[in-house]
>>> print(open('start_16.txt').read())   # compact mmCIF, C-alpha atoms
# COMPACT_ATOMS: atom_id res chain seq x y z
CA MET A 1 -15.93 -0.95 21.93
CA LYS A 2 -13.20 0.80 23.92
CA LEU A 3 -10.71 0.24 21.09
CA LYS A 4 -13.09 1.72 18.55
CA LYS A 5 -13.68 4.71 20.80
CA SER A 6 -9.93 5.19 21.29
CA LEU A 7 -9.25 5.05 17.55
CA PHE A 8 -12.12 7.44 16.91
CA THR A 9 -10.71 9.88 19.48
CA ILE A 10 -7.24 9.71 17.93
CA CYS A 11 -8.63 10.31 14.45
CA LEU A 12 -10.67 13.28 15.64
CA SER A 13 -7.62 14.72 17.40
CA PHE A 14 -5.48 14.34 14.26
CA LEU A 15 -8.14 15.89 12.04
CA SER A 16 -8.58 18.74 14.51
CA LEU A 17 -4.85 19.57 14.47
CA ALA A 18 -4.68 19.22 10.69
CA ALA A 19 -7.64 21.55 10.23
CA PHE A 20 -6.12 24.03 12.68
CA ALA A 21 -2.83 24.03 10.78
CA PHE A 22 -4.57 24.48 7.43
CA GLN A 23 -6.83 27.26 8.63
CA GLU A 24 -4.06 29.24 10.27
CA GLY A 25 -1.31 28.62 7.71
CA ALA A 26 0.75 26.90 10.38
CA LYS A 27 3.75 24.63 10.04
CA PRO A 28 2.67 21.07 10.99
CA ASP A 29 5.82 20.43 13.06
CA GLN A 30 5.16 23.56 15.08
CA VAL A 31 1.51 22.65 15.65
CA ALA A 32 2.61 19.23 16.95
CA ILE A 33 5.31 20.64 19.24
CA LEU A 34 2.99 23.24 20.71
CA ALA A 35 0.19 20.70 21.15
CA LYS A 36 2.40 18.27 23.05
CA LEU A 37 4.29 20.77 25.19
CA THR A 38 1.08 22.50 26.31
CA GLY A 39 -0.96 19.41 27.17
CA HIS A 40 -3.31 19.90 24.25
CA GLU A 41 -2.14 16.46 23.11
CA ALA A 42 -0.42 13.62 24.96
CA ILE A 43 3.37 13.91 24.91
CA GLN A 44 4.30 10.44 26.15
CA GLY A 45 1.85 7.55 26.05
CA SER A 46 -1.32 8.96 27.58
CA THR A 47 0.56 11.62 29.58
CA LYS A 48 -0.54 15.21 29.07
CA LEU A 49 1.48 18.02 30.62
CA LYS A 50 -0.37 20.43 32.87
CA ASP A 51 2.68 22.68 32.84
CA ARG A 52 6.45 22.39 32.47
CA PHE A 53 7.16 23.49 36.01
CA THR A 54 7.75 20.33 38.03
CA ARG A 55 10.97 18.38 37.68
CA GLU A 56 9.07 15.40 36.29
CA SER A 57 7.21 17.40 33.63
CA ARG A 58 10.39 19.17 32.55
CA GLU A 59 12.24 15.87 32.21
CA ILE A 60 9.43 14.52 30.03
CA ALA A 61 9.57 17.65 27.89
CA ALA A 62 13.37 17.45 27.62
CA SER A 63 13.23 13.83 26.48
CA TYR A 64 10.61 14.70 23.85
CA LEU A 65 12.63 17.64 22.54
CA LYS A 66 15.80 15.56 22.26
CA GLU A 67 13.81 13.09 20.14
CA GLN A 68 12.69 15.92 17.86
CA LEU A 69 16.25 17.17 17.32
CA ALA A 70 17.89 13.79 16.76
CA PRO A 71 16.77 13.22 13.12
CA PHE A 72 18.49 16.33 11.73
CA CYS A 73 21.26 17.17 14.21
CA ASP A 74 24.71 15.61 14.11
CA LYS A 75 24.32 15.13 17.85
CA ALA A 76 21.37 15.62 20.18
CA GLU A 77 21.76 15.29 23.93
CA ILE A 78 20.41 16.27 27.31
CA GLU A 79 23.03 18.14 29.30
CA ASN A 80 22.45 17.87 33.03
CA TYR A 81 23.96 20.95 34.69
CA SER A 82 22.57 20.46 38.21
CA GLU A 83 20.46 18.09 40.31
CA THR A 84 17.31 19.65 38.87
CA GLY A 85 18.31 21.23 35.55
CA ASN A 86 18.62 19.84 32.03
CA ASN A 87 19.38 21.74 28.84
CA VAL A 88 18.60 20.03 25.53
CA VAL A 89 21.36 20.63 22.99
CA GLY A 90 21.56 19.87 19.29
CA THR A 91 24.76 20.24 17.23
CA ILE A 92 24.73 21.01 13.50
CA MET A 93 28.19 21.08 11.96
CA ALA A 94 29.29 23.44 9.22
CA THR A 95 29.84 22.00 5.76
CA SER A 96 33.41 23.36 5.69
CA LYS A 97 36.02 23.33 8.44
CA THR A 98 35.63 26.14 10.96
CA ASP A 99 35.89 26.71 14.70
CA LYS A 100 33.13 29.37 14.69
CA TRP A 101 29.67 28.83 16.16
CA ILE A 102 26.19 30.37 16.09
CA VAL A 103 23.87 29.67 19.03
CA LEU A 104 20.07 29.64 18.80
CA GLY A 105 18.04 29.03 21.94
CA ALA A 106 14.67 29.13 23.68
CA HIS A 107 13.59 28.09 27.16
CA TYR A 108 11.18 25.18 27.44
CA ASP A 109 10.07 25.42 31.07
CA SER A 110 6.96 27.27 32.29
CA VAL A 111 5.62 28.65 35.54
CA GLU A 112 3.36 26.54 37.75
CA ASN A 113 -0.17 25.78 36.52
CA CYS A 114 0.55 27.38 33.15
CA PRO A 115 0.56 25.42 29.88
CA GLY A 116 3.09 27.96 28.58
CA ALA A 117 1.96 28.08 24.96
CA ASN A 118 3.22 31.59 24.26
CA ASP A 119 5.78 31.51 27.07
CA ASN A 120 7.59 29.67 25.70
CA ALA A 121 6.47 26.72 23.60
CA SER A 122 6.18 29.24 20.76
CA GLY A 123 9.88 30.10 21.04
CA VAL A 124 10.81 26.41 21.16
CA ALA A 125 8.76 25.74 18.02
CA LEU A 126 10.34 28.65 16.16
CA ALA A 127 13.90 27.69 17.14
CA TYR A 128 13.24 24.07 16.17
CA SER A 129 12.01 25.06 12.69
CA VAL A 130 14.94 27.38 12.06
CA ALA A 131 17.48 24.74 13.11
CA LYS A 132 15.80 22.08 10.96
CA HIS A 133 15.92 24.44 7.99
CA ILE A 134 19.59 25.26 8.54
CA ALA A 135 20.44 21.54 8.77
CA SER A 136 18.92 21.06 5.31
CA LEU A 137 21.14 23.65 3.61
CA PRO A 138 23.86 22.34 1.27
CA ASN A 139 26.34 24.94 2.57
CA ARG A 140 26.82 26.20 6.14
CA LYS A 141 29.66 28.57 6.99
CA TYR A 142 29.31 28.17 10.77
CA ASN A 143 28.72 25.35 13.20
CA MET A 144 25.45 25.74 15.10
CA LYS A 145 24.10 24.87 18.52
CA ILE A 146 20.37 24.79 19.11
CA VAL A 147 19.64 24.84 22.84
CA PHE A 148 16.40 24.47 24.76
CA PHE A 149 17.08 26.02 28.14
CA ASP A 150 15.67 24.74 31.42
CA GLU A 151 14.72 26.85 34.46
CA GLU A 152 14.45 30.23 32.77
CA GLU A 153 11.46 30.94 34.98
CA ARG A 154 13.60 30.30 38.07
CA GLY A 155 16.10 33.03 37.19
CA LEU A 156 17.64 32.18 33.79
CA ILE A 157 19.41 29.23 35.43
CA GLY A 158 19.66 27.03 32.34
CA SER A 159 20.96 29.72 30.02
CA LYS A 160 23.45 30.92 32.66
CA ALA A 161 24.79 27.37 32.93
CA TYR A 162 25.06 27.02 29.16
CA ALA A 163 26.72 30.42 28.70
CA GLN A 164 29.32 29.48 31.30
CA LYS A 165 29.85 26.14 29.52
CA LEU A 166 30.65 28.03 26.30
CA VAL A 167 33.25 30.09 28.20
CA ASP A 168 34.75 27.02 29.88
CA GLU A 169 35.00 25.18 26.56
CA LYS A 170 36.43 28.29 24.86
CA LEU A 171 34.01 28.02 21.94
CA ASN A 172 34.45 30.73 19.33
CA VAL A 173 30.87 32.05 19.30
CA VAL A 174 29.95 34.59 16.61
CA SER A 175 26.50 35.41 17.98
CA VAL A 176 23.69 34.15 20.22
CA HIS A 177 19.98 34.49 19.41
CA THR A 178 17.30 33.59 21.97
CA ILE A 179 13.56 33.35 21.31
CA ASP A 180 10.91 34.08 23.94
CA GLN A 181 7.17 34.61 23.27
CA LEU A 182 6.20 34.81 19.61
CA ALA A 183 2.55 33.77 19.45
CA TRP A 184 0.54 36.94 20.03
CA ASP A 185 -0.23 39.69 17.51
CA ASN A 186 -3.47 41.40 18.49
CA ASP A 187 -3.10 44.37 16.12
CA GLY A 188 -2.17 42.19 13.14
CA ASP A 189 0.95 44.11 12.14
CA LYS A 190 3.27 41.12 12.77
CA GLY A 191 5.68 43.38 14.63
CA ILE A 192 8.63 42.05 16.61
CA GLU A 193 11.24 43.39 18.99
CA LEU A 194 14.97 42.74 19.05
CA GLU A 195 16.17 42.89 22.63
CA MET A 196 19.54 44.53 23.23
CA PRO A 197 21.10 43.59 19.87
CA THR A 198 24.66 44.58 19.04
CA GLU A 199 24.91 47.00 16.15
CA GLU A 200 26.09 44.22 13.84
CA ILE A 201 23.21 41.90 14.79
CA LYS A 202 20.66 44.71 14.44
CA ASN A 203 21.96 45.68 11.02
CA HIS A 204 21.87 42.09 9.84
CA TYR A 205 18.22 41.57 10.84
CA LEU A 206 17.22 44.86 9.20
CA LYS A 207 19.19 44.06 6.03
CA VAL A 208 17.43 40.71 5.61
CA ALA A 209 14.01 42.26 6.26
CA LYS A 210 14.64 44.81 3.51
CA GLN A 211 16.12 42.26 1.12
CA PHE A 212 13.11 39.92 1.38
CA ASN A 213 10.46 42.65 1.65
CA TYR A 214 9.37 41.97 5.21
CA GLU A 215 7.52 45.17 6.03
CA PHE A 216 6.40 44.48 9.61
CA PRO A 217 7.75 46.75 12.37
CA ILE A 218 11.08 45.70 13.87
CA GLN A 219 11.71 47.66 17.04
CA MET A 220 14.73 47.72 19.33
CA SER A 221 14.12 47.00 23.00
CA ASP A 222 16.16 47.32 26.19
CA VAL A 223 14.39 44.37 27.88
CA THR A 224 16.90 42.15 29.70
CA SER A 225 14.61 39.77 31.58
CA THR A 226 15.16 36.67 29.47
CA ASP A 227 17.90 34.30 28.31
CA HIS A 228 19.96 36.61 26.07
CA ARG A 229 21.12 38.41 29.24
CA SER A 230 22.99 35.29 30.39
CA PHE A 231 25.22 35.48 27.32
CA ARG A 232 25.68 39.24 27.15
CA ARG A 233 26.90 39.33 30.75
CA LEU A 234 29.76 36.99 29.75
CA GLY A 235 30.72 39.06 26.74
CA PHE A 236 28.92 37.26 23.91
CA ALA A 237 27.23 39.18 21.09
CA ALA A 238 23.58 38.32 21.72
CA THR A 239 19.99 39.40 21.18
CA GLY A 240 16.51 38.28 22.16
CA ILE A 241 13.65 38.03 19.67
CA THR A 242 10.09 38.47 20.87
CA GLU A 243 6.63 39.79 20.06
CA GLU A 244 5.94 43.43 20.87
CA TYR A 245 6.52 42.90 24.58
CA LYS A 246 7.63 46.41 25.47
CA ASN A 247 5.41 48.07 22.88
CA GLY A 248 2.33 46.55 24.50
CA ASP A 249 1.08 44.06 21.90
CA THR A 250 1.89 41.03 24.03
CA THR A 251 -0.17 38.18 25.40
CA PRO A 252 -2.66 38.98 28.19
CA HIS A 253 -2.26 35.33 29.26
CA TYR A 254 1.31 35.79 30.52
CA HIS A 255 2.04 33.33 33.36
CA LYS A 256 -1.64 32.35 33.60
CA PRO A 257 -3.48 29.02 33.21
CA THR A 258 -5.04 30.57 30.08
CA ASP A 259 -1.74 30.56 28.16
CA THR A 260 -3.02 27.63 26.11
CA PHE A 261 -2.60 26.11 22.65
CA GLU A 262 -5.84 27.76 21.53
CA THR A 263 -4.41 31.27 22.06
CA VAL A 264 -1.49 30.78 19.64
CA ASN A 265 -1.52 32.95 16.52
CA PHE A 266 0.00 30.43 14.10
CA GLU A 267 -0.11 32.80 11.13
CA TYR A 268 2.08 35.26 13.03
CA LEU A 269 4.39 32.50 14.27
CA THR A 270 4.80 31.19 10.71
CA THR A 271 5.67 34.62 9.31
CA ILE A 272 8.32 35.31 11.94
CA THR A 273 9.71 31.79 11.64
CA ASP A 274 10.18 32.26 7.89
CA TYR A 275 11.88 35.60 8.53
CA VAL A 276 14.28 34.25 11.15
CA GLN A 277 15.06 31.32 8.85
CA GLN A 278 16.12 33.85 6.20
CA VAL A 279 18.26 35.67 8.76
CA PHE A 280 20.07 32.45 9.69
CA GLU A 281 20.36 31.26 6.12
CA ASP A 282 22.02 34.57 5.25
CA LEU A 283 24.36 34.17 8.24
CA MET A 284 25.44 30.77 6.97
CA LYS A 285 26.45 32.00 3.50
>>> encode(input="start_16.txt", output="structure tokens")
Amino acid sequence: MKLKKSLFTICLSFLSLAAFAFQEGAKPDQVAILAKLTGHEAIQGSTKLKDRFTRESREIAASYLKEQLAPFCDKAEIENYSETGNNVVGTIMATSKTDKWIVLGAHYDSVENCPGANDNASGVALAYSVAKHIASLPNRKYNMKIVFFDEEERGLIGSKAYAQKLVDEKLNVVSVHTIDQLAWDNDGDKGIELEMPTEEIKNHYLKVAKQFNYEFPIQMSDVTSTDHRSFRRLGFAATGITEEYKNGDTTPHYHKPTDTFETVNFEYLTTITDYVQQVFEDLMK
């Protein structure tokens, strides 16, 4: 009887996620990642994450994310930068010889008692999809690092450690793009903000939007409170990509227990994911 009940529960859960993805035009991989990182679904055995704040919960999340990167990255690893901090790093090599790199990142931790769906499982899901798409391209001009940063909520600790690692290893980094909060679009205009982009990065995003007829607002922001700051302070060309955080169309569930899977606007997330994929595909030509 218990086995039948368990199988029934699993089937219902699967059908529920599938229906959600269909209804909202979501990408199945993103639905799964968001469900597991937010505790909507079990991430490891029967374990569901209440948040990604404790060391234990972050280590579980890091292990899961490494598993997701491994199938399409040339190398996927957990880089321990301190007693408590672990960045998850995937490497995708260019298809021709080059020493140049593009970095795409998003933090995976959350504040205490917060499922962190918008902040920042949404950014993780977007970065994952973009990296997977880039890995599938027959031609890639640059090498790429996809990085899921730890301890952003404790003062950008993970991204600071990774930025310093890039300096220490003397990697020739063309640009850095970090994603934070892309699951809320109350006014339905699908607008985004680019945080502190260089002129070259800004022009590239605007060029691709025009080329592929993306007509949503793209605003420039001076917000420096997330991971892109760690790279800019060390001289890297970097930008952050987010929902309309400064413009006011941002989640009311910020850092609250209500930042749940159910609040994610998957249609919006899908649109912006497709756009950022085009930006990166154009970069790789």
>>> residues_around(input="start_16.txt", residues="A:Ile43", least_positions_apart="2", cutoff="12 Å", atoms="all atoms listed in the file", output="mmCIF file with C-alpha atoms, keeping the file's coordinate frame")
data_model
loop_
_atom_site.group_PDB
_atom_site.id
_atom_site.type_symbol
_atom_site.label_atom_id
_atom_site.label_comp_id
_atom_site.auth_asym_id
_atom_site.auth_seq_id
_atom_site.Cartn_x
_atom_site.Cartn_y
_atom_site.Cartn_z
ATOM 1 C CA ALA A 32 2.610 19.230 16.950
ATOM 2 C CA ILE A 33 5.310 20.640 19.240
ATOM 3 C CA LEU A 34 2.990 23.240 20.710
ATOM 4 C CA ALA A 35 0.190 20.700 21.150
ATOM 5 C CA LYS A 36 2.400 18.270 23.050
ATOM 6 C CA LEU A 37 4.290 20.770 25.190
ATOM 7 C CA THR A 38 1.080 22.500 26.310
ATOM 8 C CA GLY A 39 -0.960 19.410 27.170
ATOM 9 C CA HIS A 40 -3.310 19.900 24.250
ATOM 10 C CA GLU A 41 -2.140 16.460 23.110
ATOM 11 C CA GLY A 45 1.850 7.550 26.050
ATOM 12 C CA SER A 46 -1.320 8.960 27.580
ATOM 13 C CA THR A 47 0.560 11.620 29.580
ATOM 14 C CA LYS A 48 -0.540 15.210 29.070
ATOM 15 C CA LEU A 49 1.480 18.020 30.620
ATOM 16 C CA LYS A 50 -0.370 20.430 32.870
ATOM 17 C CA ASP A 51 2.680 22.680 32.840
ATOM 18 C CA ARG A 52 6.450 22.390 32.470
ATOM 19 C CA SER A 57 7.210 17.400 33.630
ATOM 20 C CA ARG A 58 10.390 19.170 32.550
ATOM 21 C CA GLU A 59 12.240 15.870 32.210
ATOM 22 C CA ILE A 60 9.430 14.520 30.030
ATOM 23 C CA ALA A 61 9.570 17.650 27.890
ATOM 24 C CA ALA A 62 13.370 17.450 27.620
ATOM 25 C CA SER A 63 13.230 13.830 26.480
ATOM 26 C CA TYR A 64 10.610 14.700 23.850
ATOM 27 C CA LEU A 65 12.630 17.640 22.540
ATOM 28 C CA GLU A 67 13.810 13.090 20.140
ATOM 29 C CA GLN A 68 12.690 15.920 17.860
#
>>> residues_around(input="start_16.txt", residues="A:Pro257", least_positions_apart="2", cutoff="10 Å", atoms="all atoms listed in the file", output="VMD selection string")
chain A and resid 50 to 51 111 to 117 253 to 255 259 to 260
>>> residues_around(input="start_16.txt", residues="stretch 74-90 of chain A", least_positions_apart="2", cutoff="6 Å", atoms="all atoms listed in the file", output="VMD selection string")
chain A and resid 66 70 92 145 to 150
>>> atom_distance(input="start_16.txt", atom1="atom CA of A:Leu104", atom2="atom CA of A:Asn186")
26.3 Å
>>> closest_atom_pairs(input="start_16.txt", of="stretch 58-123 of chain A", to="stretch 169-181 of chain A", cutoff="10 Å", atoms="all atoms listed in the file", output="JSON lines")
{"residue": "A:Thr98", "atom": "CA", "partner": "A:Asn172", "partner_atom": "CA", "distance": 9.6}
{"residue": "A:Asp99", "atom": "CA", "partner": "A:Asn172", "partner_atom": "CA", "distance": 6.3}
{"residue": "A:Lys100", "atom": "CA", "partner": "A:Asn172", "partner_atom": "CA", "distance": 5.0}
{"residue": "A:Trp101", "atom": "CA", "partner": "A:Val173", "partner_atom": "CA", "distance": 4.7}
{"residue": "A:Ile102", "atom": "CA", "partner": "A:Ser175", "partner_atom": "CA", "distance": 5.4}
{"residue": "A:Val103", "atom": "CA", "partner": "A:Val176", "partner_atom": "CA", "distance": 4.6}
{"residue": "A:Leu104", "atom": "CA", "partner": "A:His177", "partner_atom": "CA", "distance": 4.9}
{"residue": "A:Gly105", "atom": "CA", "partner": "A:Thr178", "partner_atom": "CA", "distance": 4.6}
{"residue": "A:Ala106", "atom": "CA", "partner": "A:Ile179", "partner_atom": "CA", "distance": 5.0}
{"residue": "A:His107", "atom": "CA", "partner": "A:Asp180", "partner_atom": "CA", "distance": 7.3}
{"residue": "A:Tyr108", "atom": "CA", "partner": "A:Asp180", "partner_atom": "CA", "distance": 9.6}
{"residue": "A:Gly116", "atom": "CA", "partner": "A:Gln181", "partner_atom": "CA", "distance": 9.4}
{"residue": "A:Ala117", "atom": "CA", "partner": "A:Gln181", "partner_atom": "CA", "distance": 8.5}
{"residue": "A:Asn118", "atom": "CA", "partner": "A:Gln181", "partner_atom": "CA", "distance": 5.1}
{"residue": "A:Asp119", "atom": "CA", "partner": "A:Gln181", "partner_atom": "CA", "distance": 5.1}
{"residue": "A:Asn120", "atom": "CA", "partner": "A:Gln181", "partner_atom": "CA", "distance": 5.5}
{"residue": "A:Ala121", "atom": "CA", "partner": "A:Gln181", "partner_atom": "CA", "distance": 7.9}
{"residue": "A:Ser122", "atom": "CA", "partner": "A:Gln181", "partner_atom": "CA", "distance": 6.0}
{"residue": "A:Gly123", "atom": "CA", "partner": "A:Ile179", "partner_atom": "CA", "distance": 4.9}
>>> closest_residue(input="start_16.txt", among="A:Gln278, A:Ser159, A:Thr251, A:Thr263", to="A:Ser225", atoms="all atoms listed in the file")
A:Ser159
>>> closest_residue(input="start_16.txt", among="A:Arg55, A:Arg140, A:His133, A:Lys165", to="A:Ser96", atoms="all atoms listed in the file")
A:Arg140
>>> atom_distance(input="start_16.txt", atom1="atom CA of A:Asp109", atom2="atom CA of A:Glu152")
6.7 Å
>>> residues_around(input="start_16.txt", residues="A:Leu283", least_positions_apart="3", cutoff="10 Å", atoms="all atoms listed in the file", output="list in words")
Ile102, Arg140, Lys141, Tyr142, His204, Tyr205, Val208, Gln277, Gln278, Val279 and Phe280 of chain A
>>> residues_around(input="start_16.txt", residues="stretch 222-224 of chain A", least_positions_apart="3", cutoff="8 Å", atoms="only C-alpha atoms", output="list in words")
Glu195, Met196, His228, Arg229 and Lys246 of chain A
>>> closest_residue(input="start_16.txt", among="A:Thr250, A:Thr95, A:Thr226, A:Ser129", to="A:Gln30", atoms="all atoms listed in the file")
A:Ser129
>>> closest_residue(input="start_16.txt", among="A:Leu269, A:Val276, A:Ala237, A:Ile157", to="A:Tyr214", atoms="all atoms listed in the file")
A:Val276
>>> closest_residue(input="start_16.txt", among="A:Tyr162, A:Tyr275, A:Phe231, A:Tyr128", to="A:Ile192", atoms="all atoms listed in the file")
A:Tyr275
>>> atom_distance(input="start_16.txt", atom1="atom CA of A:Ala183", atom2="atom CA of A:Val264")
5.0 Å
>>> closest_residue(input="start_16.txt", among="A:Tyr245, A:Phe72, A:Trp184, A:Phe53", to="A:Glu262", atoms="all atoms listed in the file")
A:Trp184
>>> decode(input="start_16.txt", residues="stretch 34-48 of chain A", atoms="N, CA, C and O atoms", output="PDB file, in the first residue's frame")
ATOM      1  N   LEU A  34      14.546  24.706 -10.849  1.00  0.00           N
ATOM      2  CA  LEU A  34      13.868  25.574  -9.886  1.00  0.00           C
ATOM      3  C   LEU A  34      13.114  24.761  -8.840  1.00  0.00           C
ATOM      4  O   LEU A  34      13.119  25.095  -7.649  1.00  0.00           O
ATOM      5  N   ALA A  35      12.472  23.690  -9.264  1.00  0.00           N
ATOM      6  CA  ALA A  35      11.715  22.857  -8.333  1.00  0.00           C
ATOM      7  C   ALA A  35      12.624  22.245  -7.272  1.00  0.00           C
ATOM      8  O   ALA A  35      12.296  22.224  -6.079  1.00  0.00           O
ATOM      9  N   LYS A  36      13.785  21.772  -7.686  1.00  0.00           N
ATOM     10  CA  LYS A  36      14.685  21.100  -6.749  1.00  0.00           C
ATOM     11  C   LYS A  36      15.436  22.086  -5.855  1.00  0.00           C
ATOM     12  O   LYS A  36      15.625  21.840  -4.661  1.00  0.00           O
ATOM     13  N   LEU A  37      15.869  23.202  -6.415  1.00  0.00           N
ATOM     14  CA  LEU A  37      16.605  24.173  -5.594  1.00  0.00           C
ATOM     15  C   LEU A  37      15.720  24.862  -4.555  1.00  0.00           C
ATOM     16  O   LEU A  37      16.203  25.299  -3.513  1.00  0.00           O
ATOM     17  N   THR A  38      14.426  24.953  -4.835  1.00  0.00           N
ATOM     18  CA  THR A  38      13.520  25.688  -3.935  1.00  0.00           C
ATOM     19  C   THR A  38      12.778  24.797  -2.946  1.00  0.00           C
ATOM     20  O   THR A  38      11.981  25.296  -2.153  1.00  0.00           O
ATOM     21  N   GLY A  39      12.996  23.487  -3.009  1.00  0.00           N
ATOM     22  CA  GLY A  39      12.282  22.600  -2.105  1.00  0.00           C
ATOM     23  C   GLY A  39      10.889  22.236  -2.576  1.00  0.00           C
ATOM     24  O   GLY A  39      10.137  21.570  -1.862  1.00  0.00           O
ATOM     25  N   HIS A  40      10.533  22.650  -3.770  1.00  0.00           N
ATOM     26  CA  HIS A  40       9.246  22.251  -4.331  1.00  0.00           C
ATOM     27  C   HIS A  40       9.252  20.748  -4.637  1.00  0.00           C
ATOM     28  O   HIS A  40       8.222  20.093  -4.562  1.00  0.00           O
ATOM     29  N   GLU A  41      10.432  20.249  -4.987  1.00  0.00           N
ATOM     30  CA  GLU A  41      10.647  18.818  -5.201  1.00  0.00           C
ATOM     31  C   GLU A  41      11.906  18.397  -4.451  1.00  0.00           C
ATOM     32  O   GLU A  41      12.787  19.225  -4.179  1.00  0.00           O
ATOM     33  N   ALA A  42      12.015  17.117  -4.135  1.00  0.00           N
ATOM     34  CA  ALA A  42      13.205  16.598  -3.466  1.00  0.00           C
ATOM     35  C   ALA A  42      14.423  16.748  -4.372  1.00  0.00           C
ATOM     36  O   ALA A  42      14.343  16.516  -5.583  1.00  0.00           O
ATOM     37  N   ILE A  43      15.542  17.112  -3.793  1.00  0.00           N
ATOM     38  CA  ILE A  43      16.763  17.323  -4.570  1.00  0.00           C
ATOM     39  C   ILE A  43      17.718  16.145  -4.453  1.00  0.00           C
ATOM     40  O   ILE A  43      18.523  15.883  -5.339  1.00  0.00           O
ATOM     41  N   GLN A  44      17.615  15.401  -3.364  1.00  0.00           N
ATOM     42  CA  GLN A  44      18.517  14.280  -3.110  1.00  0.00           C
ATOM     43  C   GLN A  44      17.778  13.259  -2.262  1.00  0.00           C
ATOM     44  O   GLN A  44      17.497  13.521  -1.086  1.00  0.00           O
ATOM     45  N   GLY A  45      17.441  12.116  -2.841  1.00  0.00           N
ATOM     46  CA  GLY A  45      16.624  11.154  -2.114  1.00  0.00           C
ATOM     47  C   GLY A  45      15.290  11.776  -1.773  1.00  0.00           C
ATOM     48  O   GLY A  45      14.563  12.244  -2.638  1.00  0.00           O
ATOM     49  N   SER A  46      14.973  11.805  -0.479  1.00  0.00           N
ATOM     50  CA  SER A  46      13.733  12.449  -0.026  1.00  0.00           C
ATOM     51  C   SER A  46      13.974  13.844   0.531  1.00  0.00           C
ATOM     52  O   SER A  46      13.060  14.480   1.051  1.00  0.00           O
ATOM     53  N   THR A  47      15.210  14.345   0.395  1.00  0.00           N
ATOM     54  CA  THR A  47      15.578  15.641   0.969  1.00  0.00           C
ATOM     55  C   THR A  47      15.014  16.800   0.161  1.00  0.00           C
ATOM     56  O   THR A  47      15.257  16.896  -1.051  1.00  0.00           O
ATOM     57  N   LYS A  48      14.296  17.680   0.830  1.00  0.00           N
ATOM     58  CA  LYS A  48      13.823  18.919   0.228  1.00  0.00           C
ATOM     59  C   LYS A  48      14.500  20.085   0.941  1.00  0.00           C
ATOM     60  O   LYS A  48      14.589  20.106   2.161  1.00  0.00           O
TER      61      LYS A  48
END
